[in-house]
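A quick write-up on the structure given underneath.
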Amino acid sequence: MASSSGTAAVHVALAMLDLEPGDEVIVPPITDIGSILPILSQNAIPVFADIHPETWTLDPTKVAAELTPRTKAIIAVHLFGNPCDISALRELADRNGVALIEDCAQAHGASYQGRPIGTWGDAGAFSLQWTKHITCGEGGVTITGDPERRKRGKLFVDKGWNRGGGTEGRQYPIFGLNYRLSEMQAAMARSQLARLDTLIARRRTNAGIVQDALEGLPGLRFQRILDGADHSYWQLAFTVGPEAPFTVDALAHCLGRERIECSAHYIGRPIHACHEPLRNRTIYGASDFPFSLSDREEPIDYETLRQPVAEEVLGKLGLLGNVDERQPERLVRQLAERVRHTVESLCKTSMMQVKPRATLALGVVGCGKIAMEHLEAARRIPEIEVCAVADPNPAALATVASSFGVDARYSDYAEMLETEDLDILLVATWPQLHAPIANEAARRKVRAVLCEKPMSSDLQGARSMLEVAGQEGTLLVIGHQHRFNPHLEVARELVEQGEIGAVERAEAHCAGSLINNGSHVIDGLLYVLGEPAATSISGRIERRTGRVNRDQPVEESSEGTIVFENGVEARVEMGDDVAQIGWHLIGERGRMDVDLEGVRVSGQNPRTIQRLRVESMQDQLAGVVDALAGSGAGHRGEAARGFQAMEILIGILESARQGAPIPVPVTQMEYPLGVEESAAAASSAGGR
């Protein structure tokens, strides 16, 4: 039966069983929430059995310990494409009269003892979501060998509707939902079945290349594959054990800097700890249903439930990307060597017993959404401790402080700077306040200031920030995070390598106003082009209403043209109706289109590069840590580059105000639209 998602496919499989409310279904703690939601949707109770420490799939002995008279099904998840001990689970299920459902969402094409995964259970559920081996964007498939269950499943996926039910009106013999898959999606998925075997073979070959290359490295262990099992490698997963002189977070971070896709911890915690309504037993408001139907003497407390093996595995688990069937063998071998080199470098660093970096005290001014995003990134950097926050808004201050466990709270940033001994200050407030806050922090000997974009509300403030930071020896970084987006890094490298020949023209666009998002799009343009100096700027704006942003007048739309010293002419477009941020470079031999999710090259060597690991804010902040540790590399977002973006932004507005191109350096120190507003106000008041 085809359905609308992998979650729906699991739900169809459970619906075939016609469970009673309060029945129990055993599941592993490391899985997607899509394995759990169907249980709750059938008013059944999920019971978690721990995993095997090497295969990371259900441990049959742990499953046996959780069986009760209310157990009606076991869901076996073939994690990352690795078949679990399905024959033992089949035997256990048969011996106890319970159904066995296989969650094969990540295991297309896998097999065990020569038998396809999905055919061992009473039902098998597959996903066609876009990251899976084959896809139709979103979809699912449920299979069964039982004709009666198949009949019930077909009804359930179609609202319980018996479409051949006679002439006395519609008939709905069972409760069902609308989980139908469209004909177009079905055709798309079906057309890919013919290539599945080839696709899986490529994945196995690539995974083997990587595992062979990394064999023998201390602490690095790949998922154990049972005898007779064939892994299909939805993901290539590994753990970093305690014998390694580094953590999985350190490895993922280092690989990310090498633009090798690697993530740590998968779902982070056992799935029951991730799902708040399950943890609090609030699936149906405060009714405690269906948990109130449990026959257990001690009902399951999901809040305190421990799964020690799963927790240990998640704590050291990593997922390595860039090894699927789209990657040619030559590139996979290169990737494997780069990973090995990174691991060996981490080992050597530890053997040299380099003194651990001291903890860096971080303070924050401004407790809005952007600050929260920066602080989430800071959480993942072990050298940083968030020590103090400041905001005049008590509610915002309390929210951020409580969310990140910060005791030192200030309504006045000056008091915080006077009281706290900070190494790093994050400034995430209005642009008009950036200069006074950053300058005060520098004078208070804060070692580094990371200031959100734009650098300031005008060039006068931006220039003072540069001067004071230079005088006080403060590292001043402007929050142009897209400089750390790996797709922009790739684009810059390709430009430097002459992939499209010499760049002749460039275009950039972004929604919003110049003083809001213009700084991002201009800085991204400068970065991809290799930081050329501008020689002249022309601009045009439309300002039809009295719109303001953070107390500053802003335009509805704008266009700017920048001429650089290398002859490149770039056009920047901003406005309400403009597409999301993107950059387009036209060269002698081709074209390159860049956005935050990919790079597309057309011309002599067309290709697309996308789905690289993106943790721009974390990498930006980690760069500050590296610079303070004396890495010698400086910081990619240092203020001199931020000033260049600010100068072009102001230049576009000033050119529009004057109605003529203007040279660089720009001499207008004030915010041009503010100058216009002041002049208009003076004129209406009778001033000169």
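In the structure tokens, chains take letters A, B, ... by order of appearance, with residues numbered from 1 within each chain and ligands from 1 in the order shown.
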
- Item | Contacts of A:Tyr410 within 12 Å, only C-alpha atoms, excl. fewer than 6 positions in-chain, as a VMD selection string | chain A and resid 363 to 367 387 to 394 396 to 398 400 to 401 416 to 420

- Message: Just want the 9 Å neighbourhood of A:Glu489, counted on only C-alpha atoms, with same-chain residues fewer than 4 positions away dropped. Output as a ChimeraX atom specification.
- Response: /A:259,483-485,493-494,527-528

Write the residues you've just listed into a file as a PDB file, in the first residue's frame, and include N, CA and C atoms for each of them.
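This went into out01.pdb:
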ATOM      1  N   ARG A 259      34.943  21.151   5.014  1.00  0.00           N
ATOM      2  CA  ARG A 259      33.776  21.013   4.151  1.00  0.00           C
ATOM      3  C   ARG A 259      33.449  19.543   3.868  1.00  0.00           C
ATOM      4  N   ARG A 483      29.581  34.322   5.257  1.00  0.00           N
ATOM      5  CA  ARG A 483      30.975  34.061   4.905  1.00  0.00           C
ATOM      6  C   ARG A 483      31.403  32.659   5.321  1.00  0.00           C
ATOM      7  N   PHE A 484      30.681  32.091   6.271  1.00  0.00           N
ATOM      8  CA  PHE A 484      31.034  30.773   6.788  1.00  0.00           C
ATOM      9  C   PHE A 484      30.120  29.687   6.239  1.00  0.00           C
ATOM     10  N   ASN A 485      29.268  30.065   5.296  1.00  0.00           N
ATOM     11  CA  ASN A 485      28.451  29.063   4.626  1.00  0.00           C
ATOM     12  C   ASN A 485      29.335  28.296   3.647  1.00  0.00           C
ATOM     13  N   GLU A 493      36.269  29.469  -3.985  1.00  0.00           N
ATOM     14  CA  GLU A 493      37.367  28.632  -4.475  1.00  0.00           C
ATOM     15  C   GLU A 493      37.266  28.407  -5.985  1.00  0.00           C
ATOM     16  N   LEU A 494      36.043  28.138  -6.463  1.00  0.00           N
ATOM     17  CA  LEU A 494      35.864  27.892  -7.892  1.00  0.00           C
ATOM     18  C   LEU A 494      36.184  29.140  -8.708  1.00  0.00           C
ATOM     19  N   TYR A 527      32.772  38.560  -0.657  1.00  0.00           N
ATOM     20  CA  TYR A 527      33.505  37.345  -0.280  1.00  0.00           C
ATOM     21  C   TYR A 527      33.695  36.414  -1.476  1.00  0.00           C
ATOM     22  N   VAL A 528      32.621  36.172  -2.218  1.00  0.00           N
ATOM     23  CA  VAL A 528      32.703  35.261  -3.351  1.00  0.00           C
ATOM     24  C   VAL A 528      33.643  35.807  -4.426  1.00  0.00           C
TER      25      VAL A 528
END

Would you give me, as a tab-separated table, each residue of stretch 53-129 of chain A having an atom within 10 Å of an atom of stretch 210-229 of chain A, along with its shortest atom pair and that distance in Å to one decimal, using only C-alpha atoms and sorting by chain and residue number?
residue	atom	partner	partner_atom	distance
A:Pro53	CA	A:Arg224	CA	9.1
A:Glu54	CA	A:Arg224	CA	5.4
A:Thr55	CA	A:Arg224	CA	4.8
A:Trp56	CA	A:Gln223	CA	7.3
A:Thr57	CA	A:Gln223	CA	9.8
A:Leu79	CA	A:Gln223	CA	9.7
A:Phe80	CA	A:Gln223	CA	9.2
A:Asn82	CA	A:Ile225	CA	6.7
A:Pro83	CA	A:Ala229	CA	6.2
A:Cys84	CA	A:Leu226	CA	7.7
A:Asp85	CA	A:Leu226	CA	7.4
A:Ile86	CA	A:Ala229	CA	9.8
A:Ala110	CA	A:Ala229	CA	7.7
A:Ser111	CA	A:Ala229	CA	5.8
A:Tyr112	CA	A:Ala229	CA	4.3
A:Gln113	CA	A:Gly228	CA	4.7
A:Gly114	CA	A:Gly228	CA	7.2
A:Arg115	CA	A:Ala229	CA	9.2
A:Pro116	CA	A:Ala229	CA	9.8
A:Ile117	CA	A:Ala229	CA	9.5

- Residue neighbourhood stretch 130-136 of chain A, 12 Å, only C-alpha atoms, exclusion window fewer than 5 positions, as number ranges by chain: A: 2-6, 80-81, 104-110, 141, 181-203, 232-235, 321, 324-326, 611

- Within 7 Å of A:Trp161 using only C-alpha atoms, minus same-chain residues under 4 positions, as a PyMOL selection string: chain A and resi 155+171-172

Within 8 Å of stretch 35-45 of chain A, which residues of stretch 254-338 of chain A show up? Give each one with its shortest atom-to-atom distance in Å (one decimal) and the two atoms involved, counting only C-alpha atoms, rows by chain then rising residue number, as a tab-separated table.
residue	atom	partner	partner_atom	distance
A:Ile283	CA	A:Leu40	CA	7.7
A:Phe289	CA	A:Asn43	CA	7.7
A:Pro290	CA	A:Asn43	CA	5.5
A:Phe291	CA	A:Ile45	CA	6.5
A:Ser294	CA	A:Ile45	CA	7.9

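For A:Asn162, the set of protein, DNA and RNA residues having any atom at most 12 Å away, when counting only C-alpha atoms and skipping those fewer than 2 positions along the same chain, is Lys151, Arg152, Gly153, Lys154, Leu155, Phe156, Val157, Asp158, Lys159, Gly160, Gly164, Gly165, Gly166, Thr167, Glu168, Gly169, Arg170, Gln171, Tyr172, Pro173, Ile174, Phe175 and Gly176 of chain A.
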
Next, the residues of the selection above should be written as a PDB file, in the first residue's frame with C-alpha atoms.
ATOM      1  CA  LYS A 151      -7.312  -5.538   2.887  1.00  0.00           C
ATOM      2  CA  ARG A 152      -7.504  -3.655   6.183  1.00  0.00           C
ATOM      3  CA  GLY A 153      -4.442  -1.565   5.291  1.00  0.00           C
ATOM      4  CA  LYS A 154      -5.898  -0.565   1.920  1.00  0.00           C
ATOM      5  CA  LEU A 155      -9.060   0.601   3.651  1.00  0.00           C
ATOM      6  CA  PHE A 156      -7.182   2.488   6.371  1.00  0.00           C
ATOM      7  CA  VAL A 157      -5.047   4.477   3.921  1.00  0.00           C
ATOM      8  CA  ASP A 158      -8.197   5.614   2.080  1.00  0.00           C
ATOM      9  CA  LYS A 159     -10.305   6.941   4.981  1.00  0.00           C
ATOM     10  CA  GLY A 160     -11.729   3.445   5.651  1.00  0.00           C
ATOM     11  CA  GLY A 164     -16.535  -1.422  -4.161  1.00  0.00           C
ATOM     12  CA  GLY A 165     -19.169  -1.529  -1.490  1.00  0.00           C
ATOM     13  CA  GLY A 166     -22.415  -1.870  -3.401  1.00  0.00           C
ATOM     14  CA  THR A 167     -25.172   0.516  -4.409  1.00  0.00           C
ATOM     15  CA  GLU A 168     -26.524   1.718  -1.066  1.00  0.00           C
ATOM     16  CA  GLY A 169     -24.252   4.722  -0.723  1.00  0.00           C
ATOM     17  CA  ARG A 170     -20.720   4.898   0.540  1.00  0.00           C
ATOM     18  CA  GLN A 171     -19.452   2.341   3.034  1.00  0.00           C
ATOM     19  CA  TYR A 172     -16.754   2.873   5.660  1.00  0.00           C
ATOM     20  CA  PRO A 173     -16.321  -0.475   7.434  1.00  0.00           C
ATOM     21  CA  ILE A 174     -13.301   0.681   9.511  1.00  0.00           C
ATOM     22  CA  PHE A 175     -11.875   3.906  10.861  1.00  0.00           C
ATOM     23  CA  GLY A 176      -9.223   5.269   8.521  1.00  0.00           C
TER      24      GLY A 176
END

- Would you return as a ChimeraX atom specification the members of stretch 272-486 of chain A that DSSP assigns to strand (DSSP E) on this structure's backbone? /A:317-320,360-365,384-390,408-410,424-427,448-451,475-478

- Considering only C-alpha atoms, return as number ranges by chain whatever protein or nucleic-acid residues lie within 6 Å of stretch 445-462 of chain A, sequence-local ones (same chain, fewer than 2 positions apart) excluded. A: 422-428, 431-432, 434-435, 441-443, 464-465, 474-479, 519, 669-671

Could you write out that same residue set with C-alpha atoms as a CSV table (one decimal), in the first residue's frame?
chain,number,residue,atom,x,y,z
A,422,LEU,CA,34.4,39.2,29.8
A,423,ASP,CA,36.5,37.7,27.0
A,424,ILE,CA,33.9,38.0,24.3
A,425,LEU,CA,30.9,40.3,23.9
A,426,LEU,CA,28.1,39.5,21.5
A,427,VAL,CA,26.2,42.7,20.4
A,428,ALA,CA,22.8,41.8,19.0
A,431,PRO,CA,22.5,49.3,14.7
A,432,GLN,CA,22.3,52.7,16.3
A,434,HIS,CA,26.5,49.1,17.9
A,435,ALA,CA,29.2,51.7,18.0
A,441,ALA,CA,33.6,47.0,25.5
A,442,ALA,CA,36.9,47.7,23.8
A,443,ARG,CA,37.8,50.3,26.4
A,464,SER,CA,34.8,54.9,15.2
A,465,MET,CA,34.4,51.2,15.9
A,474,THR,CA,40.3,44.3,20.5
A,475,LEU,CA,39.3,41.7,17.9
A,476,LEU,CA,36.2,43.2,16.2
A,477,VAL,CA,34.2,40.9,14.1
A,478,ILE,CA,31.0,41.7,12.2
A,479,GLY,CA,28.3,39.1,12.1
A,519,SER,CA,24.8,44.1,4.5
A,669,MET,CA,29.2,59.8,7.2
A,670,GLU,CA,25.5,60.0,8.2
A,671,TYR,CA,22.7,57.7,7.2

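Reported to one decimal place, the separation of atom CA of A:Val625 from atom CA of A:Ile384 is 8.1 Å.
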
Once you count only C-alpha atoms, what closest atom pair and distance in Å to one decimal does each residue of stretch 550-636 of chain A within 10 Å of stretch 657-667 of chain A have, with rows by chain and rising residue number, as a tab-separated table?
residue	atom	partner	partner_atom	distance
A:Gly560	CA	A:Pro661	CA	9.8
A:Thr561	CA	A:Pro661	CA	9.0
A:Ile562	CA	A:Pro661	CA	9.5
A:Val563	CA	A:Pro663	CA	9.7
A:Phe564	CA	A:Val664	CA	9.9

Output C-alpha atoms for every residue in that selection, as a tab-separated table (two decimals), in the first residue's frame.
chain	number	residue	atom	x	y	z
A	560	GLY	CA	22.77	49.49	-6.72
A	561	THR	CA	25.62	49.11	-9.18
A	562	ILE	CA	29.17	48.71	-7.93
A	563	VAL	CA	32.24	48.95	-10.15
A	564	PHE	CA	35.30	47.19	-8.75

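One distance worth recording is that between atom CA of A:Phe238 and atom CA of A:Lys348, which is 20.7 Å.
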
- Message: Just want the 12 Å neighbourhood of A:Leu653, counted on only C-alpha atoms, with same-chain residues fewer than 6 positions away dropped. Output as a ChimeraX atom specification.
- Response: /A:458,513-515,518,537-543,553-555,557-561,574,646-647,659-662,666,668-676

What does the file look like for those residues with C-alpha atoms, as a short mmCIF file (atom, residue, chain, number, x, y, z; two decimals), in the first residue's frame?
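Output file part_17.cif is given in full below:
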data_model
loop_
_atom_site.label_atom_id
_atom_site.label_comp_id
_atom_site.auth_asym_id
_atom_site.auth_seq_id
_atom_site.Cartn_x
_atom_site.Cartn_y
_atom_site.Cartn_z
CA ASP A 458 26.09 55.05 9.58
CA SER A 513 15.83 46.88 2.90
CA LEU A 514 19.49 47.81 2.55
CA ILE A 515 20.06 48.69 6.21
CA GLY A 518 21.70 44.59 2.44
CA ILE A 537 28.77 53.22 -6.72
CA SER A 538 25.43 54.25 -8.19
CA GLY A 539 22.02 53.66 -6.67
CA ARG A 540 18.30 54.08 -7.02
CA ILE A 541 15.62 53.62 -4.37
CA GLU A 542 11.84 53.80 -4.03
CA ARG A 543 10.44 55.16 -0.79
CA PRO A 553 13.68 55.24 7.65
CA VAL A 554 13.96 52.50 5.02
CA GLU A 555 13.08 52.09 1.37
CA SER A 557 13.06 48.71 -2.98
CA SER A 558 16.55 49.58 -4.13
CA GLU A 559 19.06 48.87 -6.87
CA GLY A 560 22.77 49.49 -6.72
CA THR A 561 25.62 49.11 -9.18
CA MET A 574 16.71 44.62 -2.70
CA MET A 646 28.84 49.12 5.13
CA GLU A 647 30.51 51.66 2.85
CA GLY A 659 20.87 61.22 -8.19
CA ALA A 660 24.36 60.50 -9.52
CA PRO A 661 27.16 57.94 -9.17
CA ILE A 662 29.62 58.61 -6.36
CA VAL A 666 32.29 57.39 0.40
CA GLN A 668 28.80 60.73 3.55
CA MET A 669 29.19 59.78 7.20
CA GLU A 670 25.51 60.02 8.17
CA TYR A 671 22.71 57.67 7.18
CA PRO A 672 21.47 59.16 3.85
CA LEU A 673 17.78 58.50 4.39
CA GLY A 674 18.07 60.15 7.79
CA VAL A 675 19.61 63.19 6.09
CA GLU A 676 16.66 63.29 3.70
#

- What gap, in Å, lies between atom CA of A:His231 and atom CA of A:Asp103? 14.5 Å

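Counting only C-alpha atoms and comparing A:Ala534, A:Ala395, A:Ala438, A:Val490, the residue that lies closest to A:Glu472 is A:Ala438.
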
- In stretch 422-639 of chain A, what's helix (DSSP H, G or I) per DSSP? Answer as number ranges by chain? A: 431-443, 459-472, 481-484, 486-496, 514-529, 616-628, 639

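Of the residues listed (A:Leu177, A:Val63, A:Val624, A:Ala252), A:Val624 shows the shortest atom-to-atom separation from A:Ala378; distances use only C-alpha atoms.
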